[in-house]
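Asker: Next comes data_25.txt, compact mmCIF, C-alpha atoms and all ligand atoms:
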```txt
# COMPACT_ATOMS: atom_id res chain seq x y z
CA MET O 1 72.85 101.34 113.96
CA GLY O 2 74.32 99.52 117.00
CA ARG O 3 77.59 97.70 116.52
CA ALA O 4 78.24 94.05 117.37
CA PRO O 5 80.21 93.43 120.58
CA LEU O 6 83.97 92.92 120.16
CA THR O 7 84.88 89.23 120.34
CA VAL O 8 88.41 89.43 121.67
CA GLY O 9 90.66 86.71 120.26
CA SER O 10 88.41 85.50 117.45
CA SER O 11 90.24 87.37 114.67
CA ARG O 12 93.51 86.11 116.05
CA ASP O 13 92.46 82.48 115.55
CA ILE O 14 92.33 82.93 111.79
CA THR O 15 95.97 83.92 111.43
CA ARG O 16 97.09 81.42 114.08
CA GLU O 17 95.91 78.67 111.76
CA LEU O 18 98.47 79.98 109.26
CA GLY O 19 101.24 79.83 111.88
CA TYR O 20 101.30 83.58 112.57
CA ASP O 21 100.20 85.87 115.38
CA ILE O 22 98.77 89.16 114.15
CA ASP O 23 97.21 91.64 116.55
CA LEU O 24 93.95 92.05 114.67
CA ASP O 25 92.15 93.06 117.87
CA ARG O 26 94.18 96.27 117.82
CA ALA O 27 92.74 97.06 114.40
CA VAL O 28 89.20 96.17 115.45
CA GLU O 29 89.45 98.43 118.51
CA LEU O 30 90.77 101.35 116.47
CA ILE O 31 88.05 100.97 113.82
CA ARG O 32 85.34 100.83 116.47
CA LYS O 33 86.74 103.69 118.56
CA SER O 34 87.12 106.00 115.56
CA ASN O 35 83.87 104.82 114.00
CA LEU O 36 85.55 104.20 110.65
CA LEU O 37 83.25 103.27 107.81
CA ARG O 38 85.66 101.94 105.20
CA VAL O 39 88.76 99.84 105.77
CA GLY O 40 91.36 98.58 103.27
CA LEU O 41 93.15 95.29 103.80
CA GLN O 42 96.48 94.45 102.19
CA ALA O 43 98.68 91.40 102.71
CA PRO O 44 101.75 89.76 101.12
CA GLU O 45 101.23 86.53 99.18
CA GLY O 46 101.98 84.29 102.18
CA LEU O 47 99.09 85.81 104.13
CA LYS O 48 96.72 86.51 101.27
CA ARG O 49 94.62 83.40 101.75
CA ALA O 50 93.72 84.71 105.22
CA THR O 51 92.39 88.03 103.90
CA VAL O 52 88.86 86.85 103.09
CA ALA O 53 88.40 85.40 106.59
CA ILE O 54 89.95 88.51 108.17
CA ALA O 55 87.74 90.84 106.10
CA ARG O 56 84.66 88.85 107.12
CA GLN O 57 85.69 89.01 110.79
CA ILE O 58 86.46 92.73 110.78
CA ALA O 59 83.20 93.54 108.99
CA LYS O 60 81.30 91.43 111.53
CA GLU O 61 82.98 92.97 114.57
CA THR O 62 82.99 96.58 113.44
CA GLY O 63 80.20 96.98 110.87
CA SER O 64 82.71 98.62 108.51
CA GLU O 65 83.01 97.90 104.82
CA VAL O 66 86.29 96.10 104.09
CA ILE O 67 88.01 96.28 100.68
CA ILE O 68 90.80 93.79 100.03
CA SER O 69 93.75 94.82 97.84
CA GLY O 70 94.03 92.18 95.13
CA ASP O 71 97.38 93.37 93.79
CA PRO O 72 100.71 91.78 94.74
CA CYS O 73 102.35 93.20 97.86
CA TYR O 74 106.08 92.89 98.46
CA GLY O 75 106.78 94.88 101.61
CA ALA O 76 106.05 97.95 103.70
CA CYS O 77 107.50 99.84 100.73
CA ASP O 78 104.46 98.79 98.73
CA VAL O 79 101.30 100.12 100.40
CA ASP O 80 98.34 100.18 97.98
CA LEU O 81 98.05 103.98 97.74
CA LYS O 82 95.11 103.87 95.31
CA LEU O 83 93.10 101.82 97.78
CA CYS O 84 94.18 104.20 100.58
CA GLU O 85 92.29 106.96 98.72
CA GLU O 86 89.06 104.94 98.98
CA VAL O 87 89.17 104.05 102.68
CA ASP O 88 89.42 105.65 106.15
CA LEU O 89 92.11 103.24 107.31
CA MET O 90 94.40 100.79 105.56
CA LEU O 91 95.43 97.63 107.39
CA HIS O 92 98.78 96.47 106.05
CA LEU O 93 99.58 92.95 107.27
CA GLY O 94 102.91 91.26 107.73
CA HIS O 95 105.47 94.06 107.67
CA ALA O 96 106.87 96.66 110.06
CA GLU O 97 106.55 100.25 108.93
CA LEU O 98 109.53 101.91 107.24
CA ASN O 99 110.98 105.23 108.42
CA GLU O 100 108.56 107.15 106.25
CA GLY O 101 105.33 106.01 104.70
CA PRO O 102 101.80 107.00 103.79
CA GLU O 103 99.28 108.27 106.35
CA LYS O 104 96.26 106.37 107.70
CA VAL O 105 98.01 103.00 107.46
CA LEU O 106 98.10 100.62 110.41
CA PHE O 107 100.96 98.13 110.05
CA LEU O 108 100.10 94.84 111.72
CA GLU O 109 103.26 92.76 111.97
CA ALA O 110 103.01 88.99 111.51
CA ARG O 111 104.93 86.98 114.08
CA MET O 112 105.76 83.35 113.33
CA ARG O 113 105.09 80.94 116.16
CA ASP O 114 108.02 78.56 115.51
CA ASP O 115 110.38 78.11 118.44
CA PRO O 116 113.98 78.89 117.35
CA ARG O 117 115.73 77.12 120.27
CA LEU O 118 116.52 73.81 118.54
CA ALA O 119 117.83 75.50 115.40
CA VAL O 120 119.99 77.88 117.47
CA GLU O 121 121.32 74.95 119.52
CA LYS O 122 122.43 73.32 116.25
CA ALA O 123 123.85 76.60 114.95
CA THR O 124 126.15 76.95 117.97
CA LEU O 125 128.09 73.97 116.55
CA LEU O 126 128.87 76.02 113.42
CA LEU O 127 129.63 79.31 115.17
CA THR O 128 133.32 79.90 115.87
CA ALA O 129 133.36 83.36 117.52
CA GLU O 130 132.62 84.15 121.17
CA ARG O 131 130.71 87.27 120.13
CA VAL O 132 128.29 87.11 117.21
CA GLY O 133 125.91 89.59 115.58
CA VAL O 134 122.33 88.32 115.75
CA THR O 135 120.01 89.28 112.91
CA THR O 136 116.54 88.35 111.78
CA THR O 137 113.47 89.45 109.85
CA ILE O 138 110.28 90.86 111.30
CA GLN O 139 108.57 87.44 111.57
CA HIS O 140 111.03 86.15 114.19
CA LEU O 141 111.99 89.34 116.05
CA HIS O 142 109.87 88.53 119.09
CA LYS O 143 111.92 85.34 119.57
CA LEU O 144 115.29 87.11 119.90
CA ALA O 145 115.27 86.88 123.72
CA GLN O 146 115.13 83.08 123.39
CA VAL O 147 117.92 83.14 120.81
CA MET O 148 120.14 85.21 123.12
CA GLU O 149 119.43 82.84 126.00
CA VAL O 150 120.52 79.77 124.03
CA LEU O 151 123.68 81.57 122.92
CA ARG O 152 124.44 82.54 126.54
CA GLU O 153 124.04 78.91 127.60
CA HIS O 154 126.81 78.14 125.08
CA ARG O 155 128.98 81.03 126.34
CA ILE O 156 128.43 83.02 123.17
CA GLU O 157 127.64 86.71 123.42
CA GLY O 158 124.86 87.71 121.01
CA VAL O 159 124.94 91.33 119.83
CA LEU O 160 122.05 93.21 118.22
CA GLY O 161 122.71 96.11 115.88
CA PRO O 162 120.60 99.23 116.38
CA ALA O 163 117.32 100.21 114.74
CA GLY O 164 117.41 103.20 112.41
CA GLY O 165 116.63 104.28 108.87
CA ARG O 166 114.31 101.77 107.22
CA VAL O 167 114.85 99.32 110.07
CA LYS O 168 112.37 99.62 112.96
CA TYR O 169 113.86 97.17 115.47
CA ALA O 170 117.32 96.30 116.82
CA GLY O 171 118.64 93.21 115.04
CA GLN O 172 116.16 93.48 112.16
CA VAL O 173 117.32 93.28 108.55
CA LEU O 174 115.42 93.96 105.33
CA GLY O 175 116.28 92.66 101.88
CA CYS O 176 117.24 96.25 101.02
CA CYS O 177 118.84 97.35 104.31
CA TYR O 178 121.53 95.75 106.47
CA SER O 179 122.40 98.84 108.55
CA SER O 180 121.80 97.07 111.87
CA ALA O 181 124.29 94.32 110.95
CA LYS O 182 126.89 96.74 109.60
CA ALA O 183 126.75 98.91 112.73
CA ILE O 184 128.29 96.28 115.00
CA GLU O 185 131.89 95.11 115.30
CA VAL O 186 131.76 91.33 115.10
CA SER O 187 133.55 88.71 113.03
CA GLU O 188 130.54 86.47 112.52
CA TYR O 189 126.72 86.69 112.25
CA LEU O 190 123.86 84.40 113.14
CA PHE O 191 120.76 84.88 110.99
CA ILE O 192 117.45 83.55 112.28
CA GLY O 193 115.00 82.95 109.45
CA THR O 194 114.15 81.21 106.22
CA GLY O 195 115.56 81.61 102.72
CA GLN O 196 118.99 82.61 101.42
CA PHE O 197 118.43 86.20 100.33
CA HIS O 198 118.78 88.00 103.68
CA PRO O 199 121.82 86.06 104.92
CA LEU O 200 123.48 86.50 101.51
CA GLY O 201 122.79 90.22 101.86
CA ILE O 202 124.41 90.25 105.30
CA ALA O 203 127.46 88.34 104.01
CA LEU O 204 127.90 90.71 101.06
CA ALA O 205 127.13 93.90 103.00
CA THR O 206 129.55 93.05 105.84
CA GLY O 207 132.09 90.73 104.19
CA LYS O 208 131.77 88.43 107.25
CA ARG O 209 130.82 84.81 107.84
CA VAL O 210 127.07 84.16 108.28
CA VAL O 211 125.47 81.10 109.88
CA VAL O 212 121.75 80.55 109.28
CA ALA O 213 119.36 78.94 111.79
CA ASP O 214 115.94 78.26 110.28
CA PRO O 215 113.32 77.96 113.04
CA VAL O 216 110.75 76.47 110.63
CA THR O 217 112.82 73.55 109.29
CA CYS O 218 115.39 73.48 112.13
CA ASN O 219 118.10 73.36 109.43
CA VAL O 220 121.38 75.22 109.93
CA SER O 221 123.92 76.18 107.29
CA GLU O 222 126.80 78.47 106.50
CA ILE O 223 126.26 80.99 103.74
CA ASP O 224 128.54 80.85 100.72
CA PRO O 225 128.21 84.03 98.65
CA ASP O 226 130.52 82.80 95.84
CA PRO O 227 127.88 81.17 93.59
CA LEU O 228 125.82 84.39 93.65
CA LEU O 229 128.91 86.49 92.96
CA ARG O 230 129.87 84.27 90.03
CA ARG O 231 126.36 84.57 88.59
CA ARG O 232 126.37 88.34 89.03
CA PHE O 233 129.78 88.63 87.37
CA GLY O 234 128.42 86.65 84.39
CA THR O 235 125.38 88.96 84.22
CA ILE O 236 127.60 92.06 84.20
CA VAL O 237 129.69 90.57 81.38
CA ARG O 238 126.50 89.82 79.37
CA ALA O 239 125.14 93.31 80.00
CA SER O 240 128.44 94.91 78.93
CA LYS O 241 127.68 93.80 75.33
CA ALA O 242 124.40 95.78 75.34
CA ASN O 243 124.11 99.30 73.97
CA ARG O 244 120.48 100.16 74.79
CA PHE O 245 119.61 100.13 78.50
CA ALA O 246 116.42 100.68 80.47
CA VAL O 247 116.81 102.28 83.87
CA LEU O 248 113.80 100.97 85.81
CA ILE O 249 112.12 103.30 88.30
CA SER O 250 109.49 101.83 90.62
CA LYS O 251 106.20 103.65 91.24
CA LYS O 252 106.03 102.06 94.70
CA HIS O 253 106.45 104.78 97.32
CA GLY O 254 109.18 102.93 99.25
CA GLN O 255 111.13 101.75 96.22
CA LYS O 256 111.17 104.90 94.12
CA ARG O 257 114.73 106.22 93.55
CA VAL O 258 114.41 108.78 90.80
CA ASP O 259 117.64 110.66 91.58
CA LEU O 260 119.61 107.43 91.54
CA ALA O 261 117.99 106.49 88.20
CA ARG O 262 119.04 109.85 86.71
CA ARG O 263 122.59 109.38 87.98
CA ILE O 264 122.75 105.90 86.39
CA LYS O 265 121.36 107.28 83.12
CA ASN O 266 124.01 110.02 83.06
CA LEU O 267 126.73 107.53 83.94
CA GLY O 268 125.68 105.23 81.11
CA GLU O 269 125.50 108.06 78.57
CA ALA O 270 128.93 109.31 79.63
CA ASN O 271 130.17 105.82 78.75
CA GLY O 272 128.55 105.69 75.31
CA LYS O 273 125.40 103.74 76.20
CA GLU O 274 121.87 104.67 75.13
CA MET O 275 119.84 104.98 78.35
CA PHE O 276 116.05 105.25 78.84
CA LEU O 277 114.20 105.91 82.09
CA ILE O 278 111.23 103.53 82.44
CA TYR O 279 108.63 104.13 85.14
CA LEU O 280 106.52 101.14 86.19
CA ASP O 281 104.65 99.59 89.10
CA ASN O 282 105.33 95.87 89.10
CA ILE O 283 108.54 94.93 87.36
CA GLU O 284 107.84 91.71 85.47
CA PRO O 285 109.47 90.04 82.44
CA ASP O 286 106.47 90.65 80.13
CA ARG O 287 106.62 94.40 80.68
CA LEU O 288 110.15 94.64 79.31
CA ILE O 289 109.67 92.46 76.22
CA ASN O 290 108.29 95.08 73.81
CA LEU O 291 110.53 97.95 74.87
CA GLY O 292 113.34 96.94 72.53
CA ILE O 293 115.99 97.24 75.21
CA GLU O 294 119.01 94.96 75.50
CA ALA O 295 119.68 95.22 79.24
CA ALA O 296 118.27 96.97 82.30
CA VAL O 297 119.36 98.53 85.57
CA SER O 298 116.76 98.28 88.32
CA THR O 299 116.61 101.05 90.89
CA ALA O 300 113.60 99.32 92.54
CA CYS O 301 113.78 96.58 95.19
CA PRO O 302 117.18 94.84 94.96
CA ARG O 303 115.40 91.49 94.80
CA VAL O 304 114.26 92.27 91.23
CA ALA O 305 117.80 92.00 89.86
CA LEU O 306 119.29 89.59 92.38
CA ASP O 307 116.48 87.16 93.18
CA ASP O 308 114.35 87.18 90.03
CA ALA O 309 117.15 87.41 87.42
CA ALA O 310 116.42 83.96 85.95
CA LYS O 311 112.92 85.07 84.90
CA TYR O 312 114.25 87.71 82.48
CA LYS O 313 115.59 87.18 78.97
CA ILE O 314 117.79 90.27 79.21
CA PRO O 315 120.44 90.90 81.89
CA ILE O 316 119.21 93.08 84.77
CA LEU O 317 121.75 94.79 87.00
CA THR O 318 121.62 96.62 90.32
CA PRO O 319 123.02 100.20 90.33
CA PRO O 320 126.35 99.17 91.97
CA GLU O 321 126.71 96.43 89.33
CA PHE O 322 126.22 98.97 86.56
CA GLU O 323 128.99 101.02 88.16
CA VAL O 324 131.20 97.94 87.80
CA LEU O 325 130.15 97.58 84.15
CA VAL O 326 131.23 101.13 83.24
CA GLY O 327 134.46 100.92 85.27
CA GLU O 328 133.31 103.33 87.97
CA ARG O 329 133.64 100.68 90.69
CA PRO O 330 136.23 97.87 90.79
CA TRP O 331 134.77 94.33 90.93
CA GLU O 332 136.70 93.78 94.19
CA LYS O 333 134.48 96.48 95.72
CA TYR O 334 131.24 94.77 94.69
CA ALA O 335 128.44 96.18 96.87
CA PHE O 336 125.01 94.86 97.71
CA ASP O 337 122.31 97.30 96.61
CA GLU O 338 120.84 98.92 99.73
CA MET O 339 118.31 101.69 100.34
CA GLU O 340 118.51 104.48 102.94
S1 LIG O 401 112.40 97.34 98.77
FE1 LIG O 401 112.28 95.11 98.64
S2 LIG O 401 113.52 94.36 100.34
FE2 LIG O 401 113.07 96.52 100.75
S3 LIG O 401 111.22 96.51 102.01
FE3 LIG O 401 110.56 96.68 99.87
S4 LIG O 401 110.18 94.56 99.19
FE4 LIG O 401 111.42 94.48 101.09
```
Please re-express this file's structure in structure tokens.

Answerer:
Amino acid sequence: MGRAPLTVGSSRDITRELGYDIDLDRAVELIRKSNLLRVGLQAPEGLKRATVAIARQIAKETGSEVIISGDPCYGACDVDLKLCEEVDLMLHLGHAELNEGPEKVLFLEARMRDDPRLAVEKATLLLTAERVGVTTTIQHLHKLAQVMEVLREHRIEGVLGPAGGRVKYAGQVLGCCYSSAKAIEVSEYLFIGTGQFHPLGIALATGKRVVVADPVTCNVSEIDPDPLLRRRFGTIVRASKANRFAVLISKKHGQKRVDLARRIKNLGEANGKEMFLIYLDNIEPDRLINLGIEAAVSTACPRVALDDAAKYKIPILTPPEFEVLVGERPWEKYAFDEME
């Protein structure tokens, strides 16, 4: 059966409406060139409402069957491996690939269209150093040249830390990896992006001042890690009263840290705690309710313990926080949970 001609640019329009550029034409070309019959499509929540339109477009342009992953997706660490078994190619939208991952996956990064110039202009009023580390997430990486230009206009030298490990691009940070920020010698960082989690991670991983410039809202702010630290100290104190702990191991290929979980279990047992290894896919409050545990240590994505803590009835710690609880690590050496 003959295939429909490729309509360059038409797939792109769908994601542009959502404020993102995604190179869907690259996927269409690959599917057509390799004559692939079945394609999987996976997207994080922010892009999920585009998946039906994208699936329709890809099917129309390639003649392939498209299966959409309906499960939650949190990052490149979380490719739907079960769906991968059913298809010839998996399209994973929105994230850059990690250092190691499953085969036959095409990562299609989502690039936000917002111009960062105004936010960076405002941020220069908060920056105090002449040389600052510049960091961002995958959505804004393609705008870093503009960021550097604005900094130069204000006689500030912007420095990008190197790619490496889980981080694919210079200057990129992940919620679980701040290696690019830590690799550079600066006294202050500028974070380009939305939300508090990444800049808090930079502040805690480096111990340095972090200024945030949000290209979407044009708001700028300085990060104060103290409220988070106070909350985490309270959680450690609450967890110290527990005797029965779950050590949570994620089934997700890029979040699975079995060796670390075993080390935490041994550490807890050596300190008189009852420790159980629990293996699960999505870590959600309901899944812990019937286990009869009093506290948990999550070896999965650090956001589970740090970002979602309020959802859980029991205290959930990161591995470094559990080390504080058993006296293995002094509180003054509190560390953000990072992955290699
Ligand atoms: S482990 Fe968490 S922070 Fe790291 S890539 Fe996965 S979802 Fe993102």

Asker: Taking all atoms listed in the file into account, report as a VMD selection string which residues have an atom no farther than 6 Å from an atom of ligand LIG 401 (chain O).

Answerer: chain O and resid 74 to 77 174 to 176 255 301

Asker: Could you save the residues just selected, with C-alpha atoms, as a PDB file, keeping the file's coordinate frame?

Answerer:
```pdb
ATOM      1  CA  TYR O  74     106.080  92.890  98.460  1.00  0.00           C
ATOM      2  CA  GLY O  75     106.780  94.880 101.610  1.00  0.00           C
ATOM      3  CA  ALA O  76     106.050  97.950 103.700  1.00  0.00           C
ATOM      4  CA  CYS O  77     107.500  99.840 100.730  1.00  0.00           C
ATOM      5  CA  LEU O 174     115.420  93.960 105.330  1.00  0.00           C
ATOM      6  CA  GLY O 175     116.280  92.660 101.880  1.00  0.00           C
ATOM      7  CA  CYS O 176     117.240  96.250 101.020  1.00  0.00           C
ATOM      8  CA  GLN O 255     111.130 101.750  96.220  1.00  0.00           C
ATOM      9  CA  CYS O 301     113.780  96.580  95.190  1.00  0.00           C
TER      10      CYS O 301
END
```

Asker: Which is closest to Glu121 in chain O among O:Ile316, O:Leu280, O:Val211, O:Val147, if we use only C-alpha atoms?

Answerer: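 The shortest atom-to-atom distance to Glu121 in chain O comes from O:Val147.
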
Asker: My list of candidates is O:Glu29, O:Asp214, O:Glu188, O:Glu45. Which is closest to Ile202 in chain O when distances are computed with all atoms listed in the file?

Answerer: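 Going through O:Glu29, O:Asp214, O:Glu188, O:Glu45 one by one, the smallest distance to Ile202 in chain O is for O:Glu188.
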
Asker: Any idea what the distance is between CA of Leu288 in chain O and CA of Leu260 in chain O?

Answerer: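 Rounded to one decimal, the two atoms are 20.1 Å apart.
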
Asker: If I take CA of Leu204 in chain O and CA of Ala181 in chain O, how far is one from the other in Å, to one decimal?

Answerer: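 Between CA of Leu204 in chain O and CA of Ala181 in chain O the gap works out to 11.1 Å.
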
Asker: Have a look at CA of Pro116 in chain O and CA of Thr217 in chain O and let me know their distance in Å, one decimal.

Answerer: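 It comes out at 9.7 Å.
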
Asker: Which of these, O:Asp337, O:Ala110, O:Leu91, O:Ser69, has the shortest distance to Leu18 in chain O once you count all atoms listed in the file?

Answerer: O:Ala110

Asker: Excluding range 331-334 of chain O and residues on its chain fewer than 6 positions from it, collect all residues at most 9 Å away from it, counting all atoms listed in the file, and give them as an MDAnalysis selection string.

Answerer: chainID O and resid 204 229 233 320:321 324:325

Asker: Using only C-alpha atoms, list the residues that have an atom at most 12 Å from (94.6, 87.5, 106.3), coordinates as in the file, as a PyMOL selection string.

Answerer: chain O and resi 11-24+40-58+68-69+91-94+108-110

Asker: Applying 9 Å and all atoms listed in the file, which residues near Ala239 in chain O remain after dropping the ones on its own chain fewer than 5 positions away? List them as a VMD selection string.

Answerer: chain O and resid 234 245 294 to 296 314 to 317 322 325

Asker: Keeping only C-alpha atoms, write the selected residues to a file as an mmCIF file, in the coordinates of the input.

Answerer:
```cif
data_model
loop_
_atom_site.group_PDB
_atom_site.id
_atom_site.type_symbol
_atom_site.label_atom_id
_atom_site.label_comp_id
_atom_site.auth_asym_id
_atom_site.auth_seq_id
_atom_site.Cartn_x
_atom_site.Cartn_y
_atom_site.Cartn_z
ATOM 1 C CA GLY O 234 128.420 86.650 84.390
ATOM 2 C CA PHE O 245 119.610 100.130 78.500
ATOM 3 C CA GLU O 294 119.010 94.960 75.500
ATOM 4 C CA ALA O 295 119.680 95.220 79.240
ATOM 5 C CA ALA O 296 118.270 96.970 82.300
ATOM 6 C CA ILE O 314 117.790 90.270 79.210
ATOM 7 C CA PRO O 315 120.440 90.900 81.890
ATOM 8 C CA ILE O 316 119.210 93.080 84.770
ATOM 9 C CA LEU O 317 121.750 94.790 87.000
ATOM 10 C CA PHE O 322 126.220 98.970 86.560
ATOM 11 C CA LEU O 325 130.150 97.580 84.150
#
```

Asker: Name the residues in contact with Pro319 in chain O at a cut-off of 8 Å, using all atoms listed in the file, excluding same-chain residues fewer than 4 positions from it; report them as a ChimeraX atom specification.

Answerer: /O:264,297-299,323,337

Asker: My list of candidates is O:Asn243, O:Ser180, O:Ser250, O:Thr235. Which is closest to Met275 in chain O when distances are computed with all atoms listed in the file?

Answerer: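 Between O:Asn243, O:Ser180, O:Ser250, O:Thr235, the residue approaching Met275 in chain O most closely is O:Asn243.
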
Asker: From the set O:Lys60, O:Lys252, O:Arg329, O:Arg263, which residue has the shortest atom-to-atom contact distance to Asp80 in chain O, counting all atoms listed in the file?

Answerer: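 Once distances to Asp80 in chain O are computed over all atoms listed in the file, the minimum belongs to O:Lys252.
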
Asker: Just want the 8 Å neighbourhood of Val28 in chain O, counted on all atoms listed in the file, with same-chain residues fewer than 3 positions away dropped. Output as a ChimeraX atom specification.

Answerer: /O:6,24-25,31-32,58,61-62

Asker: Select all residues near (89.3, 99.0, 103.7) (cut-off 7 Å, inclusive, file coordinates), counting only C-alpha atoms, and output them as a ChimeraX atom specification.

Answerer: /O:38-41,65-68,87,89-90

Asker: Using C-alpha atoms, can you export the residues from the last selection as a CSV table (one decimal), in the coordinates of the input?

Answerer:
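Listed below is the output, out09.csv:
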```csv
chain,number,residue,atom,x,y,z
O,38,ARG,CA,85.7,101.9,105.2
O,39,VAL,CA,88.8,99.8,105.8
O,40,GLY,CA,91.4,98.6,103.3
O,41,LEU,CA,93.2,95.3,103.8
O,65,GLU,CA,83.0,97.9,104.8
O,66,VAL,CA,86.3,96.1,104.1
O,67,ILE,CA,88.0,96.3,100.7
O,68,ILE,CA,90.8,93.8,100.0
O,87,VAL,CA,89.2,104.0,102.7
O,89,LEU,CA,92.1,103.2,107.3
O,90,MET,CA,94.4,100.8,105.6
```

Asker: Have a look at O:Leu200, O:Ala163, O:Leu291, O:Gly193 and name the one nearest to Ala96 in chain O; count all atoms listed in the file.

Answerer: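 So, comparing all the options, the nearest one is O:Ala163.
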
Asker: Just want the 10 Å neighbourhood of range 129-146 of chain O, counted on all atoms listed in the file, with same-chain residues fewer than 6 positions away dropped. Output as JSON, numbers by chain.

Answerer: {"O": [20, 21, 94, 95, 96, 109, 110, 111, 112, 113, 114, 115, 116, 117, 120, 152, 154, 155, 156, 157, 158, 159, 160, 161, 167, 168, 169, 170, 171, 172, 173, 174, 175, 178, 180, 181, 182, 183, 184, 185, 186, 187, 188, 189, 190, 191, 192, 193, 194, 198, 199, 202, 209, 210, 211, 212, 213, 215]}
